[in-house]
Amino acid sequence: MSQLSERPVEAVVGLPLPHESAALHVTGEALYTDDLVVRTRDVLHAWPVQSPYAHARIVDLQVKPAYDVPGVVRVLTSDDVPGVNDAGVKHDEPLFPDAEVMFHGHAICWVLGETLEAARLGAEAVQVEYEPLPSLVSVREAIAAGNFQGTGRHLERGDVETALTTAAHVFQGEFEFAGQEHFYLETHVALALVDEGGQIFVQSSSQHPSETQEIVAHVLGVASHAVTVQCLRMGGGFGGKEMQPHGFAAIAALGATLTGRPVRLRLNRTQDVTMSGKRHGFHSQWRAGFDDDGRLVALEATLTADGGWSLDLSEPVLARAMCHIDNAYWIPNVRVDGRIAKTNKTSQTAFRGFGGPQGMLVIENVLGRCAPLLGYDAMELRRRNLYQPGHTTPYGQPVRHAERLEACWSEVVRGGEVERRQAEIEQFNAIHPNTKRGLAMTPVKFGISFNLTAFNQAGALVHVYKDGSVLINHGGTEMGQGLHTKMLQVAATTLGVPLERVRLAPTRTDKVPNTSATAASSGADLNGAAIKNACEQIRERLAQVAGSRLGLHAHDVRFADGMVRGLQGGSLSWDDVVLAAYFQRVQLWAAGFYRTEGLHWDANAMQGEPFKYFAYGVAAAEVEVDGFTGAYTLRRVDIVHDVGDSLSPLIDLGQIEGGFVQGTGWLTLEDLRWDESDGPHRGRLATQAASTYKLPSFSEMPQVFNVHLLDKAHEDGAVYGSKAVGEPPLMLAFSVREALRQAAAAFGPVGTSVDLPSPATPEAVYWALDEARSAAPVPSSFSLSGV
Amino acid sequence: MDNALPAASAPAAVDLAFTVNGSPAKVAVDPRESLLDVLRERLDLTGTKKGCDHGQCGACTVHVDGRRVVSCLTAAVQVDGRAVTTIEGVEGPDGELHPLQQAFIDHDALQCGYCTPGQVMSGLACMAEGHTRDDAEIREYMSGNLCRCGAYAGIVAAIRETARRTGH
């Protein structure tokens, strides 16, 4: 057990506590960025002028008519940018496009008004002359045109060619699958003010305040120390507020500096959906070889991420996809090529899993399609290909704790009564020609840490006041994942004080600088370790004070439950020790720092050990499909998931349930449709609202939903033995997709391999089962054509 | 863009008098203003959230004369002379939480919290309407409220438990 992971007996971590803001949420008192507007005087409101073309040259832009609209104060254009006209870090994303619009909905300029209505009318009055240009909307169009961006990647192990030549069974296919709209309920919002001396203060719904600060600074042409960014909390982020908030914050900040008044930029839902990036859809081509025992011997794949109009985070998303194409399976010979298509769509970005789900979906699709052709039950095929202790990933990292895959698997089989239900389903399907059930199990192995080693660092600031109360601050942001709750628990545990003695201050760039995004599931690992580090510094100083008072060596005192006790007897209250320390001129605050040790990654070779550890989980899902409509119900879900020694079990269970629900949405409901026609609205997102973009609701919840944390799951490499939980559970939803595939296959003859689109909407399931119904029995080796 | 609203000159303001959380409110509104915007931006009641602004997510749910409405699709002028209850009016006179609010906390029925005020207002209505006989009925009558974080299991549990304890 490492010093980092060792947990004291009387620990506040591990207690099932409600979310730290729960009481504020249920009363409506919790403040989000847009709630600050009514608490701010003289605010101006911003409205964009958006392109009606997927791709066009801006021939002329006349903003003067906007100034004739009553209440319009200022129109912001590229001419107003004193610094760098770019909203990203790759310098391929002009904040104000002054030559070309690159997607339908692209904002050309912004109007500031005394009211939102004035700004809207002002934006209507702006005159733009466009010269439409040819556009590439689908990933297939971009592939055909050879239109790629960024750096392509190659990952290789073993000898794929020989393995495929000698494999007993070889299959190949093509599989394109959709992205996902974040639909955080709180849309993008920023509120910017100029303080004295030109100091800019931006409140932003941002998962990455440090980068928001950096981009506001470069747009304004000022140094980072002239910009402060604060994020109180977000009404959901899911990755959509990792890179995307920066430009909006910069617009608000630019407006505030030019007008001297606070500027509020809050997107309405239509603007948010049409302007902000989404999960990348992918196109994949694959060849897979198996031996006679159903074991994978080789996988060859080409992944094409649909990046949209600019790079944003597409390169690291692609890298993570490639690093997760193995999911939880040992594949001795692997060759994966990855590339990023450039299309005239929103710039696709981070979304919970960050490419991992896309990579894993490819191999789960391969196994789901090949199992019937190999004559295996899909469950058995997956299980026999699971990683075993001693295996390494295609990029050369040992799969530590691989035995936990089998542990999760067998616990789901047992707790989920899988064998009994499989027999029942067989009977049910035999007597119900028009209704079929399917039960599938899928594993998750997800690498924890940012792929890029440098991002794996964090800072914290901990103050102990003279009265013994504690205020903590760290670089992570709260988006509902319960990070702040866990951080309070870590601080209370390390200092040995009751939870109510610790308060947490909002995330701000002037408290902790140069932070990484709250992303990659790493918020608690990184910031928790930084807080622990800061608290340990303070505790060691206080131990000296307490030790001298008790006549003991500082090593012989222990902090717990608001008391400082000597191992040989004697005790002092925490408050007394703190006050004594103050009068002895002992520093009662500390800055903490953490960097994850042991990581290395060669991004060019795609080799190394980029992850501190892997998070594991297994899910079993049972569905029932109606043969007349393709409509289905999710009858039961059983999950066992590895969160290490949980920091906060109630929070972790919520993350697992929520992640699963969101993954099920991506894979079965949420159908992004872009106008790919040659009509006047080419490139327009046709699903701009919850009316046409189906999000998971109460109605789609599993009828029975059992979620358990894996026992005896201590993780040596993370704070108090815990594991990250934000992203991995999303991928447990593969079980639903595979169950639907199996139910659809049950409409056809034994051995039917079902080609299931993603998302597997009821309509898609209907067409799949209809094809299965009319299928002839299939030979044992043939070529699968894709969707 | 084709989804921008048409330009129009502002119509004359309308004087509106109604009750909010038991207190009288008087405000001159644009007849096009939604109840949601009036609550949030004119009366400083920011507990009610704007999620989709299309009546599709339920985050803006409030009660008008005891019945739930989505305030984004309710014109403010429609509540003239009526009684509106928002999330700020749910607590007891001494600030004690309503049992449903407490149950949301106990069952971890929230994550980011943005949909929570709307979920609580819908949950209260669901109980008052008698639509809490079993989980399936709770789901059906809560289906207008989205939770993107997916805290549905906790929300159903909170409503089920509160309905049982309070005799709904």
# chains A, B, ... in the order shown; residues from 1 in each chain; ligands from 1
>>> closest_atom_pairs(of="chain B", to="chain A", cutoff="7 Å", atoms="only C-alpha atoms", output="JSON lines")
{"residue": "B:Met1", "atom": "CA", "partner": "A:Pro52", "partner_atom": "CA", "distance": 4.8}
{"residue": "B:Asp2", "atom": "CA", "partner": "A:Pro52", "partner_atom": "CA", "distance": 6.8}
{"residue": "B:Ala7", "atom": "CA", "partner": "A:Leu121", "partner_atom": "CA", "distance": 5.8}
{"residue": "B:Glu41", "atom": "CA", "partner": "A:Val38", "partner_atom": "CA", "distance": 6.1}
{"residue": "B:Asp44", "atom": "CA", "partner": "A:Val38", "partner_atom": "CA", "distance": 6.2}
{"residue": "B:Thr46", "atom": "CA", "partner": "A:Asp35", "partner_atom": "CA", "distance": 5.7}
{"residue": "B:Gly47", "atom": "CA", "partner": "A:Gly28", "partner_atom": "CA", "distance": 3.9}
{"residue": "B:Thr48", "atom": "CA", "partner": "A:Gly28", "partner_atom": "CA", "distance": 6.9}
{"residue": "B:Gly51", "atom": "CA", "partner": "A:Leu185", "partner_atom": "CA", "distance": 4.9}
{"residue": "B:Cys52", "atom": "CA", "partner": "A:Arg269", "partner_atom": "CA", "distance": 5.3}
{"residue": "B:Asp53", "atom": "CA", "partner": "A:Arg269", "partner_atom": "CA", "distance": 7.0}
{"residue": "B:Gln56", "atom": "CA", "partner": "A:Ala690", "partner_atom": "CA", "distance": 6.0}
{"residue": "B:Ile87", "atom": "CA", "partner": "A:Gly28", "partner_atom": "CA", "distance": 6.0}
{"residue": "B:Glu88", "atom": "CA", "partner": "A:Thr27", "partner_atom": "CA", "distance": 6.2}
{"residue": "B:Gln101", "atom": "CA", "partner": "A:Val26", "partner_atom": "CA", "distance": 5.5}
{"residue": "B:Ile105", "atom": "CA", "partner": "A:Ala22", "partner_atom": "CA", "distance": 5.7}
{"residue": "B:Asp106", "atom": "CA", "partner": "A:Pro18", "partner_atom": "CA", "distance": 6.7}
{"residue": "B:Asp108", "atom": "CA", "partner": "A:Pro18", "partner_atom": "CA", "distance": 6.0}
{"residue": "B:Gln111", "atom": "CA", "partner": "A:Gly480", "partner_atom": "CA", "distance": 4.2}
{"residue": "B:Cys112", "atom": "CA", "partner": "A:Gly480", "partner_atom": "CA", "distance": 3.3}
{"residue": "B:Gly113", "atom": "CA", "partner": "A:His25", "partner_atom": "CA", "distance": 5.2}
{"residue": "B:Tyr114", "atom": "CA", "partner": "A:Gly235", "partner_atom": "CA", "distance": 5.0}
{"residue": "B:Thr116", "atom": "CA", "partner": "A:Val26", "partner_atom": "CA", "distance": 6.0}
{"residue": "B:Pro117", "atom": "CA", "partner": "A:Gly28", "partner_atom": "CA", "distance": 5.7}
{"residue": "B:Arg139", "atom": "CA", "partner": "A:Phe698", "partner_atom": "CA", "distance": 5.2}
{"residue": "B:Glu140", "atom": "CA", "partner": "A:Ser699", "partner_atom": "CA", "distance": 6.5}
{"residue": "B:Met142", "atom": "CA", "partner": "A:Phe698", "partner_atom": "CA", "distance": 6.8}
{"residue": "B:Ser143", "atom": "CA", "partner": "A:Phe698", "partner_atom": "CA", "distance": 5.3}
{"residue": "B:Leu146", "atom": "CA", "partner": "A:Ser697", "partner_atom": "CA", "distance": 5.7}
{"residue": "B:Arg148", "atom": "CA", "partner": "A:Tyr184", "partner_atom": "CA", "distance": 6.3}
{"residue": "B:Cys149", "atom": "CA", "partner": "A:Gly658", "partner_atom": "CA", "distance": 5.3}
{"residue": "B:Gly150", "atom": "CA", "partner": "A:Gly658", "partner_atom": "CA", "distance": 4.1}
{"residue": "B:Ala151", "atom": "CA", "partner": "A:Gly658", "partner_atom": "CA", "distance": 5.8}
{"residue": "B:Tyr152", "atom": "CA", "partner": "A:Phe698", "partner_atom": "CA", "distance": 6.1}
>>> write_last_selection(atoms="C-alpha atoms", output="PDB file, in the first residue's frame")
ATOM      1  CA  MET B   1     -29.962  32.028 -40.010  1.00  0.00           C
ATOM      2  CA  ASP B   2     -33.242  30.362 -40.662  1.00  0.00           C
ATOM      3  CA  ALA B   7     -37.693  41.197 -36.255  1.00  0.00           C
ATOM      4  CA  GLU B  41     -34.741  38.378 -14.910  1.00  0.00           C
ATOM      5  CA  ASP B  44     -34.667  37.754  -9.345  1.00  0.00           C
ATOM      6  CA  THR B  46     -33.204  32.373 -10.376  1.00  0.00           C
ATOM      7  CA  GLY B  47     -33.998  28.990  -8.849  1.00  0.00           C
ATOM      8  CA  THR B  48     -36.188  28.217 -11.858  1.00  0.00           C
ATOM      9  CA  GLY B  51     -32.757  24.436 -20.044  1.00  0.00           C
ATOM     10  CA  CYS B  52     -34.164  24.210 -23.552  1.00  0.00           C
ATOM     11  CA  ASP B  53     -36.580  27.163 -23.680  1.00  0.00           C
ATOM     12  CA  GLN B  56     -39.039  19.962 -23.773  1.00  0.00           C
ATOM     13  CA  ILE B  87     -38.816  26.333  -6.068  1.00  0.00           C
ATOM     14  CA  GLU B  88     -38.101  29.254  -3.725  1.00  0.00           C
ATOM     15  CA  GLN B 101     -36.533  18.035  -1.002  1.00  0.00           C
ATOM     16  CA  ILE B 105     -30.826  14.731  -0.885  1.00  0.00           C
ATOM     17  CA  ASP B 106     -31.077  11.331   0.806  1.00  0.00           C
ATOM     18  CA  ASP B 108     -28.749  11.253  -4.326  1.00  0.00           C
ATOM     19  CA  GLN B 111     -25.803  15.488  -9.918  1.00  0.00           C
ATOM     20  CA  CYS B 112     -25.246  18.863 -11.566  1.00  0.00           C
ATOM     21  CA  GLY B 113     -28.445  20.130  -9.963  1.00  0.00           C
ATOM     22  CA  TYR B 114     -29.583  22.207 -12.910  1.00  0.00           C
ATOM     23  CA  THR B 116     -33.389  19.672  -9.829  1.00  0.00           C
ATOM     24  CA  PRO B 117     -35.736  22.623  -9.145  1.00  0.00           C
ATOM     25  CA  ARG B 139     -41.826   7.477 -14.548  1.00  0.00           C
ATOM     26  CA  GLU B 140     -44.731   8.156 -16.854  1.00  0.00           C
ATOM     27  CA  MET B 142     -42.230  12.560 -14.631  1.00  0.00           C
ATOM     28  CA  SER B 143     -41.272  11.900 -18.238  1.00  0.00           C
ATOM     29  CA  LEU B 146     -35.052  15.478 -18.395  1.00  0.00           C
ATOM     30  CA  ARG B 148     -28.933  14.769 -18.565  1.00  0.00           C
ATOM     31  CA  CYS B 149     -26.787  13.431 -15.728  1.00  0.00           C
ATOM     32  CA  GLY B 150     -29.126  10.429 -15.559  1.00  0.00           C
ATOM     33  CA  ALA B 151     -30.052  10.573 -11.869  1.00  0.00           C
ATOM     34  CA  TYR B 152     -33.445   9.081 -12.698  1.00  0.00           C
TER      35      TYR B 152
END
>>> select_by_dssp(residues="region 440-587 of chain A", states="strand (DSSP E)", output="JSON, numbers by chain")
{"A": [440, 441, 442, 443, 444, 445, 446, 447, 448, 457, 458, 459, 460, 461, 462, 463, 464, 470, 471, 472, 473, 474, 502, 503, 504, 507, 508, 557, 558, 559, 560, 563, 564, 565, 566, 571, 572, 573]}
>>> write_last_selection(atoms="N, CA and C atoms", output="short mmCIF file (atom, residue, chain, number, x, y, z; two decimals), in the first residue's frame")
data_model
loop_
_atom_site.label_atom_id
_atom_site.label_comp_id
_atom_site.auth_asym_id
_atom_site.auth_seq_id
_atom_site.Cartn_x
_atom_site.Cartn_y
_atom_site.Cartn_z
N ALA A 440 -27.10 -9.58 -23.18
CA ALA A 440 -25.69 -9.48 -23.55
C ALA A 440 -24.88 -8.98 -22.37
N MET A 441 -23.63 -9.43 -22.34
CA MET A 441 -22.68 -8.93 -21.34
C MET A 441 -21.48 -8.33 -22.05
N THR A 442 -21.07 -7.16 -21.60
CA THR A 442 -19.87 -6.54 -22.17
C THR A 442 -19.00 -5.99 -21.05
N PRO A 443 -17.68 -6.05 -21.26
CA PRO A 443 -16.73 -5.55 -20.28
C PRO A 443 -16.26 -4.13 -20.63
N VAL A 444 -15.67 -3.47 -19.66
CA VAL A 444 -15.01 -2.18 -19.90
C VAL A 444 -13.63 -2.22 -19.25
N LYS A 445 -12.66 -1.79 -20.02
CA LYS A 445 -11.33 -1.48 -19.45
C LYS A 445 -11.00 -0.09 -19.97
N PHE A 446 -10.77 0.85 -19.07
CA PHE A 446 -10.57 2.23 -19.51
C PHE A 446 -9.34 2.80 -18.84
N GLY A 447 -8.44 3.37 -19.62
CA GLY A 447 -7.18 3.90 -19.11
C GLY A 447 -7.37 5.25 -18.43
N ILE A 448 -6.81 5.37 -17.21
CA ILE A 448 -6.99 6.60 -16.46
C ILE A 448 -5.69 7.38 -16.39
N GLN A 457 -1.01 16.85 -13.80
CA GLN A 457 -0.52 17.61 -12.64
C GLN A 457 -1.68 18.45 -12.11
N ALA A 458 -1.59 18.78 -10.84
CA ALA A 458 -2.67 19.56 -10.23
C ALA A 458 -2.15 20.33 -9.02
N GLY A 459 -2.89 21.38 -8.70
CA GLY A 459 -2.53 22.20 -7.55
C GLY A 459 -3.71 22.42 -6.63
N ALA A 460 -3.40 22.79 -5.39
CA ALA A 460 -4.46 23.08 -4.42
C ALA A 460 -3.94 24.12 -3.43
N LEU A 461 -4.87 24.78 -2.79
CA LEU A 461 -4.53 25.80 -1.81
C LEU A 461 -5.40 25.53 -0.59
N VAL A 462 -4.78 25.32 0.53
CA VAL A 462 -5.54 25.00 1.75
C VAL A 462 -5.20 26.02 2.83
N HIS A 463 -6.21 26.65 3.37
CA HIS A 463 -6.04 27.59 4.47
C HIS A 463 -6.63 27.01 5.73
N VAL A 464 -5.90 27.14 6.83
CA VAL A 464 -6.50 26.87 8.14
C VAL A 464 -6.53 28.22 8.86
N VAL A 470 -11.36 25.39 8.10
CA VAL A 470 -10.49 25.09 6.95
C VAL A 470 -11.19 25.51 5.66
N LEU A 471 -10.44 26.17 4.78
CA LEU A 471 -10.96 26.52 3.46
C LEU A 471 -10.05 25.90 2.42
N ILE A 472 -10.67 25.14 1.52
CA ILE A 472 -9.85 24.51 0.48
C ILE A 472 -10.22 25.06 -0.90
N ASN A 473 -9.22 25.03 -1.75
CA ASN A 473 -9.41 25.46 -3.13
C ASN A 473 -8.56 24.52 -3.98
N HIS A 474 -9.08 24.16 -5.14
CA HIS A 474 -8.27 23.29 -6.01
C HIS A 474 -8.58 23.64 -7.45
N VAL A 502 -14.69 21.98 7.18
CA VAL A 502 -14.03 22.27 5.90
C VAL A 502 -15.03 22.89 4.93
N ARG A 503 -14.64 23.99 4.34
CA ARG A 503 -15.44 24.62 3.29
C ARG A 503 -14.62 24.66 2.01
N LEU A 504 -15.34 24.79 0.89
CA LEU A 504 -14.63 24.81 -0.38
C LEU A 504 -14.97 26.10 -1.12
N THR A 507 -13.78 27.56 -7.86
CA THR A 507 -12.58 27.37 -8.68
C THR A 507 -12.23 28.66 -9.42
N ARG A 508 -11.03 29.16 -9.21
CA ARG A 508 -10.59 30.43 -9.83
C ARG A 508 -9.14 30.34 -10.23
N VAL A 557 2.00 11.63 17.14
CA VAL A 557 0.65 12.19 17.32
C VAL A 557 -0.21 11.87 16.10
N ARG A 558 -1.49 11.71 16.34
CA ARG A 558 -2.43 11.37 15.28
C ARG A 558 -3.59 12.35 15.27
N PHE A 559 -4.04 12.68 14.06
CA PHE A 559 -5.13 13.64 13.88
C PHE A 559 -6.38 12.89 13.46
N ALA A 560 -7.44 13.00 14.24
CA ALA A 560 -8.70 12.35 13.86
C ALA A 560 -9.87 13.01 14.57
N MET A 563 -9.52 15.96 16.92
CA MET A 563 -8.62 15.84 18.08
C MET A 563 -7.22 15.48 17.59
N VAL A 564 -6.23 15.87 18.39
CA VAL A 564 -4.86 15.48 18.12
C VAL A 564 -4.43 14.64 19.33
N ARG A 565 -4.18 13.34 19.08
CA ARG A 565 -3.92 12.43 20.19
C ARG A 565 -2.50 11.90 20.12
N GLY A 566 -1.90 11.76 21.30
CA GLY A 566 -0.58 11.13 21.38
C GLY A 566 -0.74 9.63 21.42
N SER A 571 -4.17 14.21 24.82
CA SER A 571 -4.81 14.70 23.60
C SER A 571 -5.07 16.20 23.71
N LEU A 572 -5.19 16.81 22.55
CA LEU A 572 -5.49 18.23 22.45
C LEU A 572 -6.57 18.40 21.40
N SER A 573 -7.35 19.45 21.53
CA SER A 573 -8.33 19.67 20.48
C SER A 573 -7.63 20.30 19.27
#
>>> select_by_dssp(residues="region 31-156 of chain B", states="helix (DSSP H, G or I)", output="compact mmCIF listing (two decimals) with N, CA and C atoms, in the first residue's frame")
# COMPACT_ATOMS: atom_id res chain seq x y z
N LEU B 35 -43.12 33.60 -18.71
CA LEU B 35 -43.13 33.62 -17.25
C LEU B 35 -41.73 33.34 -16.72
N LEU B 36 -41.04 32.43 -17.39
CA LEU B 36 -39.68 32.08 -16.96
C LEU B 36 -38.77 33.30 -16.94
N ASP B 37 -38.77 34.07 -18.02
CA ASP B 37 -37.90 35.25 -18.08
C ASP B 37 -38.31 36.28 -17.03
N VAL B 38 -39.61 36.43 -16.82
CA VAL B 38 -40.05 37.40 -15.82
C VAL B 38 -39.61 36.96 -14.42
N LEU B 39 -39.74 35.69 -14.13
CA LEU B 39 -39.31 35.19 -12.82
C LEU B 39 -37.81 35.39 -12.63
N ARG B 40 -37.05 34.98 -13.64
CA ARG B 40 -35.59 34.99 -13.50
C ARG B 40 -35.00 36.40 -13.60
N GLU B 41 -35.46 37.15 -14.59
CA GLU B 41 -34.74 38.38 -14.91
C GLU B 41 -35.40 39.63 -14.34
N ARG B 42 -36.67 39.53 -13.97
CA ARG B 42 -37.36 40.71 -13.43
C ARG B 42 -37.58 40.57 -11.93
N SER B 71 -42.66 27.02 -17.42
CA SER B 71 -42.78 28.48 -17.42
C SER B 71 -42.18 29.11 -18.68
N CYS B 72 -41.36 28.34 -19.43
CA CYS B 72 -40.81 28.91 -20.67
C CYS B 72 -41.87 29.01 -21.75
N LEU B 73 -42.90 28.16 -21.67
CA LEU B 73 -43.97 28.22 -22.68
C LEU B 73 -45.23 28.89 -22.13
N ALA B 76 -46.07 35.37 -19.60
CA ALA B 76 -46.21 35.97 -18.26
C ALA B 76 -47.61 36.54 -18.08
N VAL B 77 -48.16 37.12 -19.15
CA VAL B 77 -49.49 37.74 -19.03
C VAL B 77 -50.57 36.72 -18.67
N GLN B 78 -50.31 35.45 -18.92
CA GLN B 78 -51.30 34.43 -18.59
C GLN B 78 -51.49 34.25 -17.09
N VAL B 79 -50.52 34.68 -16.29
CA VAL B 79 -50.64 34.43 -14.85
C VAL B 79 -51.20 35.65 -14.11
N ILE B 87 -39.62 27.14 -6.99
CA ILE B 87 -38.82 26.33 -6.07
C ILE B 87 -38.50 27.12 -4.80
N GLU B 88 -38.41 28.44 -4.92
CA GLU B 88 -38.10 29.25 -3.72
C GLU B 88 -39.25 29.24 -2.73
N GLY B 89 -40.44 28.80 -3.17
CA GLY B 89 -41.60 28.80 -2.28
C GLY B 89 -41.95 27.44 -1.71
N PRO B 99 -40.45 17.46 2.71
CA PRO B 99 -39.96 16.06 2.72
C PRO B 99 -39.43 15.59 1.36
N LEU B 100 -40.02 16.09 0.27
CA LEU B 100 -39.51 15.67 -1.04
C LEU B 100 -38.11 16.24 -1.28
N GLN B 101 -37.87 17.46 -0.85
CA GLN B 101 -36.53 18.03 -1.00
C GLN B 101 -35.52 17.20 -0.22
N GLN B 102 -35.90 16.85 1.00
CA GLN B 102 -35.00 16.03 1.83
C GLN B 102 -34.76 14.67 1.18
N ALA B 103 -35.82 14.12 0.59
CA ALA B 103 -35.68 12.80 -0.05
C ALA B 103 -34.76 12.88 -1.27
N PHE B 104 -34.80 13.99 -1.99
CA PHE B 104 -33.86 14.17 -3.11
C PHE B 104 -32.42 14.12 -2.60
N ILE B 105 -32.18 14.75 -1.45
CA ILE B 105 -30.83 14.73 -0.88
C ILE B 105 -30.46 13.31 -0.47
N ASP B 106 -31.37 12.66 0.25
CA ASP B 106 -31.08 11.33 0.81
C ASP B 106 -30.87 10.28 -0.28
N THR B 116 -32.78 20.05 -11.11
CA THR B 116 -33.39 19.67 -9.83
C THR B 116 -34.60 20.52 -9.43
N PRO B 117 -34.53 21.85 -9.52
CA PRO B 117 -35.74 22.62 -9.15
C PRO B 117 -36.97 22.18 -9.94
N GLY B 118 -36.78 21.95 -11.22
CA GLY B 118 -37.90 21.49 -12.06
C GLY B 118 -38.36 20.09 -11.67
N GLN B 119 -37.41 19.23 -11.33
CA GLN B 119 -37.77 17.86 -10.91
C GLN B 119 -38.58 17.91 -9.62
N VAL B 120 -38.16 18.77 -8.69
CA VAL B 120 -38.87 18.87 -7.41
C VAL B 120 -40.29 19.40 -7.66
N MET B 121 -40.41 20.43 -8.49
CA MET B 121 -41.74 21.00 -8.74
C MET B 121 -42.64 19.99 -9.44
N SER B 122 -42.07 19.22 -10.37
CA SER B 122 -42.86 18.19 -11.05
C SER B 122 -43.19 17.05 -10.09
N GLY B 123 -42.23 16.70 -9.24
CA GLY B 123 -42.45 15.63 -8.28
C GLY B 123 -43.57 15.97 -7.31
N LEU B 124 -43.59 17.22 -6.85
CA LEU B 124 -44.65 17.67 -5.94
C LEU B 124 -46.01 17.57 -6.64
N ALA B 125 -46.05 17.99 -7.89
CA ALA B 125 -47.31 17.94 -8.64
C ALA B 125 -47.73 16.49 -8.87
N CYS B 126 -46.75 15.67 -9.19
CA CYS B 126 -47.00 14.25 -9.43
C CYS B 126 -47.69 13.63 -8.20
N MET B 127 -47.21 13.98 -7.02
CA MET B 127 -47.82 13.46 -5.78
C MET B 127 -49.22 14.04 -5.60
N ALA B 128 -49.34 15.35 -5.82
CA ALA B 128 -50.65 15.99 -5.62
C ALA B 128 -51.69 15.44 -6.58
N ASP B 135 -43.66 2.63 -9.52
CA ASP B 135 -42.54 3.25 -10.23
C ASP B 135 -42.90 3.57 -11.68
N ALA B 136 -43.65 2.67 -12.29
CA ALA B 136 -43.99 2.88 -13.71
C ALA B 136 -44.83 4.14 -13.87
N GLU B 137 -45.76 4.35 -12.92
CA GLU B 137 -46.58 5.54 -13.03
C GLU B 137 -45.77 6.81 -12.73
N ILE B 138 -44.87 6.72 -11.76
CA ILE B 138 -44.01 7.88 -11.47
C ILE B 138 -43.20 8.24 -12.71
N ARG B 139 -42.62 7.22 -13.34
CA ARG B 139 -41.83 7.48 -14.55
C ARG B 139 -42.66 8.14 -15.63
N GLU B 140 -43.87 7.62 -15.80
CA GLU B 140 -44.73 8.16 -16.85
C GLU B 140 -45.03 9.63 -16.60
N TYR B 141 -45.37 9.95 -15.36
CA TYR B 141 -45.79 11.32 -15.07
C TYR B 141 -44.61 12.25 -14.77
N TYR B 152 -32.03 9.47 -12.71
CA TYR B 152 -33.45 9.08 -12.70
C TYR B 152 -33.79 8.10 -11.58
N ALA B 153 -32.91 7.13 -11.35
CA ALA B 153 -33.24 6.10 -10.35
C ALA B 153 -33.44 6.77 -8.98
N GLY B 154 -32.58 7.71 -8.64
CA GLY B 154 -32.69 8.41 -7.36
C GLY B 154 -33.94 9.27 -7.29
N ILE B 155 -34.29 9.88 -8.40
CA ILE B 155 -35.47 10.76 -8.42
C ILE B 155 -36.74 9.92 -8.19
N VAL B 156 -36.82 8.79 -8.89
CA VAL B 156 -37.99 7.92 -8.72
C VAL B 156 -38.06 7.44 -7.26
>>> atom_distance(atom1="CA of Phe18 (chain B)", atom2="CA of Thr115 (chain A)")
24.0 Å
>>> residues_around(residues="Arg32 (chain B)", least_positions_apart="4", cutoff="10 Å", atoms="only C-alpha atoms", output="ChimeraX atom specification")
/B:10-11,13-14,74-77
>>> closest_residue(among="B:Val62, B:Ala109, B:Leu45, B:Gly81", to="Asp15 (chain B)", atoms="only C-alpha atoms")
B:Gly81
>>> atom_distance(atom1="CA of Ile331 (chain A)", atom2="CA of His401 (chain A)")
17.4 Å
>>> residues_around(residues="His641 (chain A)", least_positions_apart="4", cutoff="8 Å", atoms="only C-alpha atoms", output="ChimeraX atom specification")
/A:408,616-618,656,707-710,729
>>> write_last_selection(atoms="N, CA, C and O atoms", output="compact mmCIF listing (two decimals), in the first residue's frame")
# COMPACT_ATOMS: atom_id res chain seq x y z
N CYS A 408 -15.28 -9.09 -12.02
CA CYS A 408 -16.52 -8.36 -12.31
C CYS A 408 -17.47 -9.26 -13.11
O CYS A 408 -18.67 -9.31 -12.86
N TYR A 616 -12.15 -0.87 -14.42
CA TYR A 616 -12.83 -2.02 -15.01
C TYR A 616 -14.31 -2.05 -14.64
O TYR A 616 -14.71 -1.52 -13.60
N GLY A 617 -15.07 -2.71 -15.47
CA GLY A 617 -16.47 -2.91 -15.14
C GLY A 617 -17.09 -3.91 -16.11
O GLY A 617 -16.53 -4.18 -17.18
N VAL A 618 -18.20 -4.48 -15.71
CA VAL A 618 -18.94 -5.41 -16.58
C VAL A 618 -20.43 -5.14 -16.40
O VAL A 618 -20.90 -4.88 -15.28
N ILE A 656 -22.00 5.93 -11.98
CA ILE A 656 -22.13 4.70 -12.77
C ILE A 656 -23.51 4.66 -13.44
O ILE A 656 -23.62 4.40 -14.64
N VAL A 707 -26.78 -1.94 -9.51
CA VAL A 707 -25.40 -1.46 -9.67
C VAL A 707 -24.63 -1.77 -8.39
O VAL A 707 -25.07 -1.43 -7.29
N HIS A 708 -23.49 -2.44 -8.55
CA HIS A 708 -22.65 -2.76 -7.39
C HIS A 708 -21.21 -2.33 -7.65
O HIS A 708 -20.74 -2.39 -8.79
N LEU A 709 -20.55 -1.92 -6.57
CA LEU A 709 -19.13 -1.61 -6.66
C LEU A 709 -18.35 -2.90 -6.38
O LEU A 709 -18.72 -3.67 -5.51
N LEU A 710 -17.27 -3.08 -7.14
CA LEU A 710 -16.43 -4.27 -6.95
C LEU A 710 -15.77 -4.20 -5.57
O LEU A 710 -15.21 -3.16 -5.19
N PRO A 729 -18.05 4.23 -16.82
CA PRO A 729 -19.36 3.56 -16.84
C PRO A 729 -20.17 3.84 -18.11
O PRO A 729 -21.08 3.07 -18.44
